[in-house]
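Below: the structure, in structure tokens.
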Amino acid sequence: QVQLVESGGGLVQPGGSLRLSCVASGSIFGRYLMGWYRQAPGKERELVATITMRLSTNYADSVQGRFTISRDNTKNTVHLQMNSLKPEDTAVYYCNAIYGTINYWGQGTQVTVSS
């Protein structure tokens with residue numbers, strides 16, 4: 001069983017920045033495909049960004065150029081640096097880990113972009 005714990009959410013003004021972190025339990029973190037997803041009120045959960053064990057990244061078009069995903073395998077941690085935030089980025093952000101056919105989710109952290 002893998003546990004994922006997110007942190008770093010909060011309230012930020014448009015144009016501001018936030019950095020989300022996710023710490024994973026387990027000794028094979030380096031083998032996981034890690035990702036961030038988000039879910040806004042009334043909408044389905046959507047992919048934000050993923051990073052493979054070989055550090056290959058993928059981003060949703062809506063965040064490309066503004067968000068950066070990274071991982072530190074020595075600390076079992078994945079980060080999401082979010083810059084130039086927009087009100088439409090408001091959502092609960094979830095950390096995700098995939099290993100084989102097993103899919104793990106964190107509890108989520110709220111990000112609110114508002115003036």
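In the structure tokens, the first chain shown is A, the next is B, and so on; residue numbers restart at 1 for each chain, and ligands run from 1 in the order shown.
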For the contact check between stretch 4-70 of chain A and stretch 74-89 of chain A, emit one row per residue of stretch 4-70 of chain A within 6 Å, containing the shortest atom pair and the distance in Å rounded to one decimal, counting only C-alpha atoms, chain then rising number order, as CSV.
residue,atom,partner,partner_atom,distance
A:Pro14,CA,A:Lys86,CA,5.1
A:Gly15,CA,A:Ser84,CA,4.2
A:Gly16,CA,A:Ser84,CA,5.5
A:Ser17,CA,A:Asn83,CA,4.4
A:Leu18,CA,A:Met82,CA,5.2
A:Arg19,CA,A:Gln81,CA,4.4
A:Leu20,CA,A:Leu80,CA,5.0
A:Ser21,CA,A:His79,CA,4.5
A:Cys22,CA,A:Val78,CA,5.3
A:Val23,CA,A:Thr77,CA,4.6
A:Ala24,CA,A:Asn76,CA,5.4
A:Phe29,CA,A:Asn76,CA,5.8
A:Arg66,CA,A:Asn83,CA,5.2
A:Phe67,CA,A:Met82,CA,4.5
A:Thr68,CA,A:Gln81,CA,5.0
A:Ile69,CA,A:Leu80,CA,4.6
A:Ser70,CA,A:His79,CA,5.2
Give me the residues within 8 Å of A:Leu4 as number ranges by chain, counting only C-alpha atoms and dropping any in the same chain fewer than 4 places off. A: 22-25, 95-96, 104-107
Contacts of A:Thr90 within 9 Å, only C-alpha atoms, excl. fewer than 2 positions in-chain, as a list in words: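 The filter keeps Arg38, Gln39, Ala40, Pro41, Leu85, Lys86, Pro87, Glu88, Val92, Tyr93, Gln110, Val111, Thr112, Val113 and Ser114 of chain A.
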What is the distance between atom CA of A:Tyr37 and atom CA of A:Tyr94, in Å to one decimal?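 Atom CA of A:Tyr94 lies at a distance of 5.1 Å from atom CA of A:Tyr37.
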For a quick check of understanding, using only C-alpha atoms, which of A:Ala91, A:Ala60, A:Leu11, A:Ile28 has the smallest distance to A:Gly42?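 The shortest atom-to-atom distance to A:Gly42 comes from A:Ala91.
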